[in-house]
$ cat protein20.cif   # mmCIF, C-alpha atoms
data_coords
loop_
_atom_site.label_atom_id
_atom_site.label_comp_id
_atom_site.auth_asym_id
_atom_site.auth_seq_id
_atom_site.Cartn_x
_atom_site.Cartn_y
_atom_site.Cartn_z
CA MET A 1 141.73 -119.76 72.77
CA THR A 2 138.81 -117.39 72.32
CA ALA A 3 136.88 -119.06 69.50
CA GLY A 4 133.22 -119.57 70.43
CA LEU A 5 133.44 -117.43 73.57
CA GLY A 6 131.90 -114.33 72.04
CA LEU A 7 135.15 -112.44 71.97
CA PRO A 8 135.91 -109.74 71.29
CA MET A 9 132.76 -108.46 72.96
CA THR A 10 131.04 -105.91 70.74
CA VAL A 11 130.87 -102.50 72.39
CA PRO A 12 130.28 -99.73 69.85
CA ALA A 13 131.76 -96.28 70.35
CA PRO A 14 130.03 -93.09 69.21
CA GLY A 15 131.05 -91.22 66.10
CA LEU A 16 132.53 -94.15 64.19
CA PRO A 17 131.59 -95.47 60.72
CA ALA A 18 129.31 -98.48 60.42
CA ARG A 19 131.58 -100.16 57.88
CA VAL A 20 135.26 -100.01 56.97
CA ARG A 21 136.80 -101.21 53.72
CA ILE A 22 140.14 -102.88 54.32
CA HIS A 23 142.62 -102.34 51.50
CA GLU A 24 144.72 -105.49 51.83
CA VAL A 25 148.37 -104.91 50.88
CA GLY A 26 150.07 -108.09 52.08
CA ALA A 27 150.49 -109.71 48.68
CA ARG A 28 152.22 -106.61 47.28
CA ASP A 29 153.61 -104.35 50.00
CA GLY A 30 154.19 -107.31 52.28
CA LEU A 31 155.90 -109.73 49.92
CA GLN A 32 158.00 -107.07 48.15
CA ASN A 33 159.95 -106.72 51.39
CA GLU A 34 160.83 -110.38 51.72
CA GLN A 35 164.52 -111.20 51.32
CA GLY A 36 163.69 -114.28 49.32
CA VAL A 37 161.43 -114.60 46.30
CA VAL A 38 158.09 -116.29 46.97
CA PRO A 39 157.03 -118.67 44.17
CA THR A 40 154.36 -117.28 41.85
CA GLU A 41 151.83 -120.02 42.60
CA VAL A 42 152.22 -119.42 46.36
CA LYS A 43 151.54 -115.71 45.81
CA ALA A 44 148.46 -116.56 43.72
CA GLU A 45 147.18 -118.91 46.39
CA PHE A 46 147.78 -116.19 49.01
CA VAL A 47 145.63 -113.75 47.01
CA ARG A 48 142.91 -116.39 46.55
CA ARG A 49 142.83 -117.17 50.27
CA LEU A 50 142.67 -113.48 51.17
CA ALA A 51 139.70 -113.09 48.83
CA ASP A 52 138.06 -116.18 50.32
CA ALA A 53 138.44 -114.63 53.78
CA GLY A 54 136.14 -111.80 52.71
CA LEU A 55 138.60 -109.06 51.79
CA THR A 56 137.11 -107.08 48.91
CA THR A 57 140.27 -105.24 47.88
CA VAL A 58 143.50 -107.22 47.57
CA GLU A 59 146.50 -105.42 46.10
CA ALA A 60 147.95 -108.05 43.81
CA THR A 61 151.42 -107.01 42.62
CA SER A 62 153.56 -104.20 41.22
CA PHE A 63 154.59 -103.51 37.63
CA VAL A 64 157.92 -101.95 38.56
CA HIS A 65 161.21 -102.80 36.88
CA PRO A 66 162.46 -106.16 38.22
CA LYS A 67 165.81 -104.59 39.06
CA TRP A 68 164.16 -102.42 41.71
CA VAL A 69 161.80 -104.98 43.23
CA PRO A 70 162.96 -108.46 42.21
CA GLN A 71 160.44 -110.08 44.57
CA LEU A 72 157.64 -108.92 42.24
CA ALA A 73 159.36 -109.58 38.92
CA ASP A 74 156.68 -112.18 38.12
CA ALA A 75 153.81 -109.68 37.78
CA GLU A 76 153.02 -110.79 34.23
CA ARG A 77 152.78 -114.41 35.36
CA LEU A 78 150.92 -113.73 38.60
CA PHE A 79 148.16 -111.35 37.52
CA PRO A 80 146.49 -113.72 35.01
CA LEU A 81 146.27 -116.35 37.76
CA VAL A 82 144.13 -114.10 39.97
CA ARG A 83 142.46 -111.51 37.74
CA ASP A 84 139.15 -113.40 37.53
CA LEU A 85 138.62 -113.36 41.30
CA PRO A 86 135.46 -111.43 42.31
CA VAL A 87 137.38 -108.76 44.21
CA ALA A 88 139.17 -105.51 43.38
CA LEU A 89 142.82 -106.24 42.47
CA PRO A 90 144.80 -102.99 42.33
CA VAL A 91 148.39 -103.07 41.02
CA LEU A 92 151.18 -100.55 41.49
CA VAL A 93 152.45 -98.78 38.36
CA PRO A 94 155.47 -96.45 38.70
CA ASN A 95 155.35 -94.92 35.23
CA GLU A 96 153.78 -95.20 31.76
CA ARG A 97 155.68 -98.39 30.97
CA GLY A 98 154.27 -99.99 34.11
CA LEU A 99 150.80 -98.80 33.14
CA ASP A 100 151.20 -100.33 29.68
CA ARG A 101 152.09 -103.68 31.23
CA ALA A 102 149.14 -103.55 33.62
CA LEU A 103 146.60 -102.51 31.00
CA ALA A 104 147.79 -105.24 28.64
CA LEU A 105 146.76 -107.81 31.26
CA GLY A 106 143.37 -106.25 31.90
CA ALA A 107 144.01 -104.44 35.18
CA THR A 108 141.14 -102.12 36.09
CA ARG A 109 142.66 -100.52 39.19
CA VAL A 110 146.16 -99.07 39.46
CA ALA A 111 148.14 -97.08 42.00
CA VAL A 112 150.94 -94.52 41.72
CA PHE A 113 153.41 -93.92 44.52
CA ALA A 114 154.32 -90.32 45.42
CA SER A 115 156.22 -88.76 48.32
CA ALA A 116 155.49 -85.81 50.57
CA THR A 117 159.22 -85.18 51.08
CA GLU A 118 162.12 -84.39 48.77
CA SER A 119 164.48 -86.86 50.44
CA PHE A 120 162.20 -89.85 49.97
CA ALA A 121 161.27 -88.79 46.44
CA GLN A 122 164.98 -88.87 45.58
CA ALA A 123 165.58 -92.19 47.37
CA ASN A 124 162.50 -93.96 45.99
CA LEU A 125 161.94 -92.32 42.59
CA ASN A 126 165.21 -90.50 41.86
CA ARG A 127 163.17 -87.33 41.31
CA THR A 128 162.03 -84.23 43.14
CA VAL A 129 158.50 -84.20 44.58
CA ASP A 130 157.29 -82.05 41.70
CA GLY A 131 159.26 -84.09 39.18
CA ALA A 132 157.52 -87.23 40.39
CA LEU A 133 154.13 -85.54 40.14
CA ALA A 134 154.92 -84.51 36.57
CA MET A 135 155.84 -88.13 35.79
CA PHE A 136 152.51 -89.33 37.16
CA GLU A 137 150.34 -86.86 35.24
CA PRO A 138 150.31 -88.81 31.93
CA VAL A 139 150.00 -92.11 33.82
CA VAL A 140 146.88 -90.92 35.64
CA ALA A 141 145.44 -89.25 32.53
CA ARG A 142 145.86 -92.38 30.42
CA ALA A 143 144.47 -94.60 33.16
CA LYS A 144 141.39 -92.44 33.55
CA ALA A 145 140.93 -92.36 29.76
CA ALA A 146 140.88 -96.17 29.90
CA ASP A 147 138.24 -96.05 32.69
CA VAL A 148 140.75 -97.39 35.24
CA HIS A 149 140.48 -96.48 38.92
CA VAL A 150 143.60 -94.70 40.23
CA ARG A 151 144.85 -94.66 43.81
CA GLY A 152 147.58 -92.24 44.81
CA TYR A 153 149.89 -93.43 47.56
CA LEU A 154 151.61 -90.64 49.47
CA SER A 155 154.60 -91.67 51.58
CA MET A 156 156.18 -89.85 54.53
CA CYS A 157 153.02 -87.99 55.52
CA PHE A 158 153.95 -87.87 59.20
CA GLY A 159 157.73 -88.05 59.35
CA ASP A 160 160.80 -88.70 57.22
CA PRO A 161 163.98 -90.55 58.27
CA TRP A 162 166.18 -87.86 56.72
CA GLU A 163 164.11 -84.70 57.19
CA GLY A 164 162.33 -85.43 60.47
CA ALA A 165 158.94 -83.82 61.03
CA VAL A 166 156.96 -83.13 57.86
CA PRO A 167 154.87 -79.93 57.85
CA VAL A 168 151.15 -80.63 57.48
CA ALA A 169 150.86 -78.00 54.74
CA GLN A 170 153.49 -79.82 52.70
CA VAL A 171 151.43 -83.01 52.78
CA VAL A 172 148.24 -81.16 51.93
CA ARG A 173 149.88 -79.59 48.86
CA VAL A 174 150.90 -82.95 47.38
CA CYS A 175 147.53 -84.53 48.21
CA ARG A 176 145.77 -81.68 46.44
CA ALA A 177 148.05 -82.12 43.40
CA LEU A 178 147.31 -85.85 43.20
CA LEU A 179 143.56 -85.26 43.38
CA ASP A 180 143.71 -82.44 40.87
CA MET A 181 145.49 -84.65 38.32
CA GLY A 182 142.67 -87.18 38.57
CA CYS A 183 143.40 -89.70 41.35
CA ASP A 184 140.18 -91.26 42.63
CA GLU A 185 141.55 -92.05 46.07
CA LEU A 186 144.56 -91.22 48.23
CA SER A 187 146.38 -93.34 50.80
CA LEU A 188 148.14 -91.36 53.53
CA GLY A 189 151.27 -93.29 54.46
CA ASP A 190 153.03 -93.22 57.83
CA THR A 191 156.00 -94.90 56.21
CA ILE A 192 158.27 -94.98 59.27
CA GLY A 193 155.50 -95.36 61.84
CA VAL A 194 156.05 -92.13 63.77
CA ALA A 195 152.51 -90.71 63.69
CA THR A 196 150.45 -90.20 66.83
CA PRO A 197 146.66 -89.72 67.05
CA GLY A 198 146.71 -85.94 67.43
CA HIS A 199 148.92 -85.61 64.36
CA VAL A 200 146.57 -87.84 62.37
CA ALA A 201 143.58 -85.72 63.37
CA ALA A 202 145.41 -82.49 62.53
CA LEU A 203 146.35 -83.71 59.04
CA LEU A 204 142.83 -84.93 58.28
CA ASP A 205 141.36 -81.64 59.50
CA ALA A 206 143.80 -79.70 57.30
CA LEU A 207 142.94 -81.84 54.28
CA GLY A 208 139.25 -81.22 54.88
CA GLY A 209 139.96 -77.51 55.09
CA ALA A 210 141.72 -77.72 51.72
CA GLY A 211 138.66 -79.26 50.11
CA VAL A 212 139.85 -82.87 50.09
CA PRO A 213 136.76 -85.07 50.65
CA VAL A 214 137.28 -87.52 53.50
CA GLY A 215 135.64 -90.18 51.33
CA THR A 216 138.66 -90.10 49.00
CA LEU A 217 141.12 -90.84 51.82
CA GLY A 218 142.59 -94.04 53.14
CA VAL A 219 145.23 -94.43 55.84
CA HIS A 220 148.31 -96.63 55.79
CA PHE A 221 150.01 -96.96 59.18
CA HIS A 222 153.16 -98.81 60.16
CA ASP A 223 153.52 -100.10 63.69
CA THR A 224 157.15 -99.13 64.32
CA TYR A 225 156.30 -97.41 67.61
CA GLY A 226 153.17 -99.41 68.40
CA GLN A 227 150.84 -96.61 67.31
CA ALA A 228 149.08 -98.08 64.26
CA LEU A 229 145.78 -99.05 65.88
CA ALA A 230 145.56 -95.85 67.91
CA ASN A 231 146.21 -93.84 64.76
CA THR A 232 143.60 -95.85 62.86
CA LEU A 233 141.01 -95.11 65.53
CA ALA A 234 141.83 -91.39 65.29
CA ALA A 235 141.29 -91.56 61.52
CA LEU A 236 137.96 -93.36 61.92
CA GLN A 237 136.84 -90.65 64.34
CA ARG A 238 137.49 -88.12 61.54
CA GLY A 239 135.33 -90.07 59.08
CA VAL A 240 137.90 -92.19 57.23
CA THR A 241 136.42 -95.52 56.10
CA THR A 242 139.32 -97.06 54.13
CA VAL A 243 142.22 -98.57 56.05
CA ASP A 244 145.27 -100.26 54.53
CA ALA A 245 146.52 -103.34 56.32
CA SER A 246 148.70 -106.35 55.63
CA ALA A 247 147.74 -109.94 56.44
CA GLY A 248 149.98 -111.22 59.19
CA GLY A 249 151.67 -107.81 59.50
CA LEU A 250 153.95 -108.50 56.53
CA GLY A 251 156.02 -105.73 55.04
CA GLY A 252 157.82 -102.49 55.66
CA CYS A 253 159.54 -100.21 53.20
CA PRO A 254 162.72 -101.19 51.33
CA TYR A 255 163.78 -97.55 50.92
CA ALA A 256 163.30 -96.52 54.58
CA LYS A 257 165.38 -98.78 56.76
CA SER A 258 163.74 -97.62 60.00
CA ALA A 259 160.33 -98.78 58.79
CA THR A 260 158.95 -101.94 60.32
CA GLY A 261 155.85 -103.91 59.50
CA ASN A 262 152.49 -102.72 58.32
CA LEU A 263 149.45 -102.78 60.54
CA ALA A 264 148.36 -106.43 60.69
CA THR A 265 144.97 -107.01 59.10
CA GLU A 266 143.99 -109.45 61.85
CA ASP A 267 144.76 -106.92 64.59
CA LEU A 268 142.67 -104.33 62.74
CA VAL A 269 139.75 -106.73 62.28
CA TRP A 270 139.84 -107.65 65.97
CA MET A 271 139.57 -103.99 66.97
CA LEU A 272 136.87 -103.18 64.42
CA THR A 273 134.85 -106.25 65.44
CA GLY A 274 134.94 -105.13 69.05
CA LEU A 275 133.71 -101.69 67.99
CA GLY A 276 130.82 -103.20 66.06
CA ILE A 277 132.21 -102.00 62.71
CA ASP A 278 131.48 -104.27 59.75
CA THR A 279 134.40 -105.37 57.53
CA GLY A 280 132.95 -108.45 55.84
CA VAL A 281 136.09 -110.35 56.85
CA ASP A 282 136.03 -113.83 58.36
CA LEU A 283 138.71 -113.52 61.04
CA GLY A 284 139.19 -117.27 61.39
CA ARG A 285 139.87 -117.72 57.69
CA LEU A 286 142.16 -114.71 57.66
CA VAL A 287 144.18 -116.01 60.60
CA ALA A 288 144.49 -119.41 58.93
CA THR A 289 145.69 -117.70 55.73
CA SER A 290 148.36 -115.69 57.54
CA ALA A 291 149.50 -118.74 59.50
CA TRP A 292 149.74 -120.63 56.20
CA MET A 293 151.86 -117.86 54.65
CA ALA A 294 154.05 -117.69 57.73
CA ASP A 295 154.77 -121.39 57.25
CA ARG A 296 155.67 -120.73 53.60
CA LEU A 297 158.04 -117.97 54.71
CA GLY A 298 159.55 -120.10 57.46
CA ARG A 299 158.95 -117.72 60.34
CA PRO A 300 156.17 -116.80 62.77
CA SER A 301 153.63 -114.13 61.94
CA PRO A 302 154.29 -110.81 63.70
CA SER A 303 150.53 -110.29 64.12
CA ARG A 304 149.53 -110.54 67.76
CA THR A 305 146.05 -111.70 66.81
CA VAL A 306 147.39 -114.44 64.55
CA ARG A 307 149.58 -115.66 67.40
CA ALA A 308 146.73 -115.54 69.90
CA LEU A 309 144.25 -117.37 67.68
CA SER A 310 146.42 -119.88 65.84
CA HIS A 311 146.46 -122.32 68.78
CA LYS A 312 150.13 -123.02 68.61
CA GLU A 313 153.36 -121.58 69.88
CA GLN A 314 155.02 -119.34 67.33
#
$ encode --input "protein20.cif" --output "structure tokens"
Amino acid sequence: MTAGLGLPMTVPAPGLPARVRIHEVGARDGLQNEQGVVPTEVKAEFVRRLADAGLTTVEATSFVHPKWVPQLADAERLFPLVRDLPVALPVLVPNERGLDRALALGATRVAVFASATESFAQANLNRTVDGALAMFEPVVARAKAADVHVRGYLSMCFGDPWEGAVPVAQVVRVCRALLDMGCDELSLGDTIGVATPGHVAALLDALGGAGVPVGTLGVHFHDTYGQALANTLAALQRGVTTVDASAGGLGGCPYAKSATGNLATEDLVWMLTGLGIDTGVDLGRLVATSAWMADRLGRPSPSRTVRALSHKEQ
């Protein structure tokens, strides 16, 4: 409806970054939550289309045991189909075995997945928080020795379905531990979508006070309570320039049943475009890609921007 009409109108706001890097998670975090298994070639085509839309970081897959995430059991088949794309293709590795599998295929960017809370660490990793950190130490050390970039995901930064509110200091401690072991970048996860802008600002201020450079931080918001864009804006106002998002709003968290979809990449791009913030993303191509994947999945995209721009009832 709005194509060619100059919308959204660009009206910059003070104190915001000139450019934001979108860390696209739809092909991994999105598809791992599908009930059915998406064919490998469809996943590969999804990654290719996301890259063609201008996304410079596209998380490709996860080298976890197939028993835990059967939707991504084809990592060894998928990664060779996309690894030559001219974009960053991080992959999730839960342990040294996962790292071995990723390195054998030439991965140059990996991610580990920690928790800020004991309950989620037990549910997701069957370990304590500190036990999980100890498990990641050799993974990170070996990755860095191989000149591989390491991202540290941190779940439950703003609330936990079993424990409730999560103290800011608790999150800061685990972030500091991940950086100290060698992670190049951290992603602060609002896994059940309960964060609000003031909470986001308080955590980022506390991390800065603990010596965590804002340039190492990304944010990963879920839209369970409709707060993801507001929380993203609060993070940008504190200097964050990396935002995780999922094409078409795919994904949630299989270990936290109250979690709903990720922030939709299209909704993020619409907001950033209106603020005059460069992303390098072609919104039209991205919308077409998400509409294409929605057709493959047999259901409409939950992204409001995809629905508004796809010119058809969904």
$ atom_distance --input "protein20.cif" --atom1 "atom CA of A:Glu24" --atom2 "atom CA of A:Arg97"
24.6 Å
$ resolve_selection --input "protein20.cif" --expression "the PyMOL selection byres ((chain A and resi 200) around 9)" --output "list in words"
Phe158, Ala195, Thr196, Pro197, Gly198, His199, Ala201, Ala202, Leu203, Leu204, Asp205, Asn231, Thr232, Ala234 and Ala235 of chain A
$ closest_residue --input "protein20.cif" --among "A:Ser155, A:Gln32, A:Asn126, A:Thr57" --to "A:Leu250" --atoms "all atoms listed in the file"
A:Gln32
$ closest_residue --input "protein20.cif" --among "A:Leu186, A:Leu233, A:Met135, A:Ala169" --to "A:Asn95" --atoms "all atoms listed in the file"
A:Met135
$ resolve_selection --input "protein20.cif" --expression "the PyMOL selection byres ((chain A and resi 40) around 8)" --output "PDB file with C-alpha atoms, keeping the file's coordinate frame"
ATOM      1  CA  VAL A  38     158.090-116.290  46.970  1.00  0.00           C
ATOM      2  CA  PRO A  39     157.030-118.670  44.170  1.00  0.00           C
ATOM      3  CA  GLU A  41     151.830-120.020  42.600  1.00  0.00           C
ATOM      4  CA  VAL A  42     152.220-119.420  46.360  1.00  0.00           C
ATOM      5  CA  LYS A  43     151.540-115.710  45.810  1.00  0.00           C
ATOM      6  CA  ALA A  44     148.460-116.560  43.720  1.00  0.00           C
ATOM      7  CA  ASP A  74     156.680-112.180  38.120  1.00  0.00           C
ATOM      8  CA  ARG A  77     152.780-114.410  35.360  1.00  0.00           C
ATOM      9  CA  LEU A  78     150.920-113.730  38.600  1.00  0.00           C
TER      10      LEU A  78
END
$ closest_residue --input "protein20.cif" --among "A:Trp270, A:His23, A:Leu286, A:Pro94" --to "A:Phe221" --atoms "all atoms listed in the file"
A:His23
$ resolve_selection --input "protein20.cif" --expression "the PyMOL selection byres ((chain A and resi 151-154) around 7)" --output "number ranges by chain"
A: 110-116, 149-150, 155-157, 178, 183-189
$ residues_around --input "protein20.cif" --residues "A:Leu85" --least-positions-apart "4" --cutoff "12 Å" --atoms "all atoms listed in the file" --output "PyMOL selection string"
chain A and resi 44-45+47-52+54-58+60+79-81+89
$ write_last_selection --input "protein20.cif" --atoms "C-alpha atoms" --output "PDB file, in the frame of the given file"
ATOM      1  CA  ALA A  44     148.460-116.560  43.720  1.00  0.00           C
ATOM      2  CA  GLU A  45     147.180-118.910  46.390  1.00  0.00           C
ATOM      3  CA  VAL A  47     145.630-113.750  47.010  1.00  0.00           C
ATOM      4  CA  ARG A  48     142.910-116.390  46.550  1.00  0.00           C
ATOM      5  CA  ARG A  49     142.830-117.170  50.270  1.00  0.00           C
ATOM      6  CA  LEU A  50     142.670-113.480  51.170  1.00  0.00           C
ATOM      7  CA  ALA A  51     139.700-113.090  48.830  1.00  0.00           C
ATOM      8  CA  ASP A  52     138.060-116.180  50.320  1.00  0.00           C
ATOM      9  CA  GLY A  54     136.140-111.800  52.710  1.00  0.00           C
ATOM     10  CA  LEU A  55     138.600-109.060  51.790  1.00  0.00           C
ATOM     11  CA  THR A  56     137.110-107.080  48.910  1.00  0.00           C
ATOM     12  CA  THR A  57     140.270-105.240  47.880  1.00  0.00           C
ATOM     13  CA  VAL A  58     143.500-107.220  47.570  1.00  0.00           C
ATOM     14  CA  ALA A  60     147.950-108.050  43.810  1.00  0.00           C
ATOM     15  CA  PHE A  79     148.160-111.350  37.520  1.00  0.00           C
ATOM     16  CA  PRO A  80     146.490-113.720  35.010  1.00  0.00           C
ATOM     17  CA  LEU A  81     146.270-116.350  37.760  1.00  0.00           C
ATOM     18  CA  LEU A  89     142.820-106.240  42.470  1.00  0.00           C
TER      19      LEU A  89
END
$ atom_distance --input "protein20.cif" --atom1 "atom CA of A:Arg101" --atom2 "atom CA of A:Ala245"
25.7 Å
$ closest_residue --input "protein20.cif" --among "A:Leu133, A:Leu99, A:Asp29, A:Met271" --to "A:Asp180" --atoms "only C-alpha atoms"
A:Leu133
$ atom_distance --input "protein20.cif" --atom1 "atom CA of A:Gly98" --atom2 "atom CA of A:Leu217"
23.9 Å
$ closest_residue --input "protein20.cif" --among "A:Gly209, A:Gly261, A:Gly280, A:Gly215" --to "A:Gln227" --atoms "all atoms listed in the file"
A:Gly261
$ axis_aligned_box --input "protein20.cif" --around "stretch 146-150 of chain A" --padding-each-side "6 Å" --output "AutoDock Vina command-line options"
--center_x 140.9 --center_y -96.0 --center_z 35.1 --size_x 17.4 --size_y 14.7 --size_z 22.3
$ residues_around --input "protein20.cif" --residues "A:Glu266" --least-positions-apart "2" --cutoff "10 Å" --atoms "all atoms listed in the file" --output "number ranges by chain"
A: 245-249, 263-264, 268-272, 281-284, 286-287, 290, 303-306, 309
$ closest_residue --input "protein20.cif" --among "A:Arg142, A:Arg173, A:Arg127, A:Lys67" --to "A:Leu103" --atoms "all atoms listed in the file"
A:Arg142
$ residues_around --input "protein20.cif" --residues "A:Ala73" --least-positions-apart "6" --cutoff "10 Å" --atoms "only C-alpha atoms" --output "PyMOL selection string"
chain A and resi 32+37+40+61-67
$ decode --input "protein20.cif" --residues "stretch 170-218 of chain A" --atoms "C-alpha atoms" --output "JSON list (two decimals), in the first residue's frame"
[["chain", "number", "residue", "atom", "x", "y", "z"],
["A", 170, "GLN", "CA", 23.18, -11.34, 38.35],
["A", 171, "VAL", "CA", 23.08, -10.60, 34.63],
["A", 172, "VAL", "CA", 26.14, -8.37, 34.83],
["A", 173, "ARG", "CA", 28.13, -11.14, 36.55],
["A", 174, "VAL", "CA", 27.47, -13.67, 33.78],
["A", 175, "CYS", "CA", 28.12, -11.11, 31.04],
["A", 176, "ARG", "CA", 31.45, -10.25, 32.64],
["A", 177, "ALA", "CA", 32.34, -13.97, 32.84],
["A", 178, "LEU", "CA", 31.55, -14.50, 29.15],
["A", 179, "LEU", "CA", 33.67, -11.53, 28.11],
["A", 180, "ASP", "CA", 36.51, -12.54, 30.40],
["A", 181, "MET", "CA", 36.66, -16.02, 28.85],
["A", 182, "GLY", "CA", 37.10, -14.46, 25.42],
["A", 183, "CYS", "CA", 33.69, -13.84, 23.81],
["A", 184, "ASP", "CA", 33.91, -11.08, 21.21],
["A", 185, "GLU", "CA", 30.29, -10.06, 21.50],
["A", 186, "LEU", "CA", 27.31, -10.63, 23.79],
["A", 187, "SER", "CA", 23.61, -10.83, 22.97],
["A", 188, "LEU", "CA", 21.29, -9.85, 25.84],
["A", 189, "GLY", "CA", 18.19, -12.00, 25.54],
["A", 190, "ASP", "CA", 14.71, -11.08, 26.76],
["A", 191, "THR", "CA", 13.70, -14.70, 26.31],
["A", 192, "ILE", "CA", 10.12, -14.39, 27.57],
["A", 193, "GLY", "CA", 9.55, -10.83, 26.38],
["A", 194, "VAL", "CA", 8.96, -9.17, 29.75],
["A", 195, "ALA", "CA", 11.47, -6.30, 29.51],
["A", 196, "THR", "CA", 10.41, -2.67, 29.49],
["A", 197, "PRO", "CA", 12.48, 0.34, 28.35],
["A", 198, "GLY", "CA", 13.54, 1.49, 31.80],
["A", 199, "HIS", "CA", 14.76, -2.00, 32.66],
["A", 200, "VAL", "CA", 16.75, -2.14, 29.42],
["A", 201, "ALA", "CA", 18.39, 1.20, 30.18],
["A", 202, "ALA", "CA", 19.20, 0.15, 33.75],
["A", 203, "LEU", "CA", 20.88, -3.08, 32.62],
["A", 204, "LEU", "CA", 22.93, -1.33, 29.94],
["A", 205, "ASP", "CA", 24.01, 1.34, 32.43],
["A", 206, "ALA", "CA", 25.03, -1.35, 34.93],
["A", 207, "LEU", "CA", 27.01, -3.21, 32.26],
["A", 208, "GLY", "CA", 28.80, 0.01, 31.34],
["A", 209, "GLY", "CA", 29.59, 0.56, 35.00],
["A", 210, "ALA", "CA", 31.10, -2.93, 35.14],
["A", 211, "GLY", "CA", 33.44, -2.14, 32.26],
["A", 212, "VAL", "CA", 31.50, -3.92, 29.52],
["A", 213, "PRO", "CA", 31.97, -1.88, 26.31],
["A", 214, "VAL", "CA", 28.65, -1.05, 24.68],
["A", 215, "GLY", "CA", 30.21, -1.93, 21.33],
["A", 216, "THR", "CA", 30.35, -5.59, 22.39],
["A", 217, "LEU", "CA", 26.61, -5.74, 23.12],
["A", 218, "GLY", "CA", 23.66, -6.76, 21.03]]
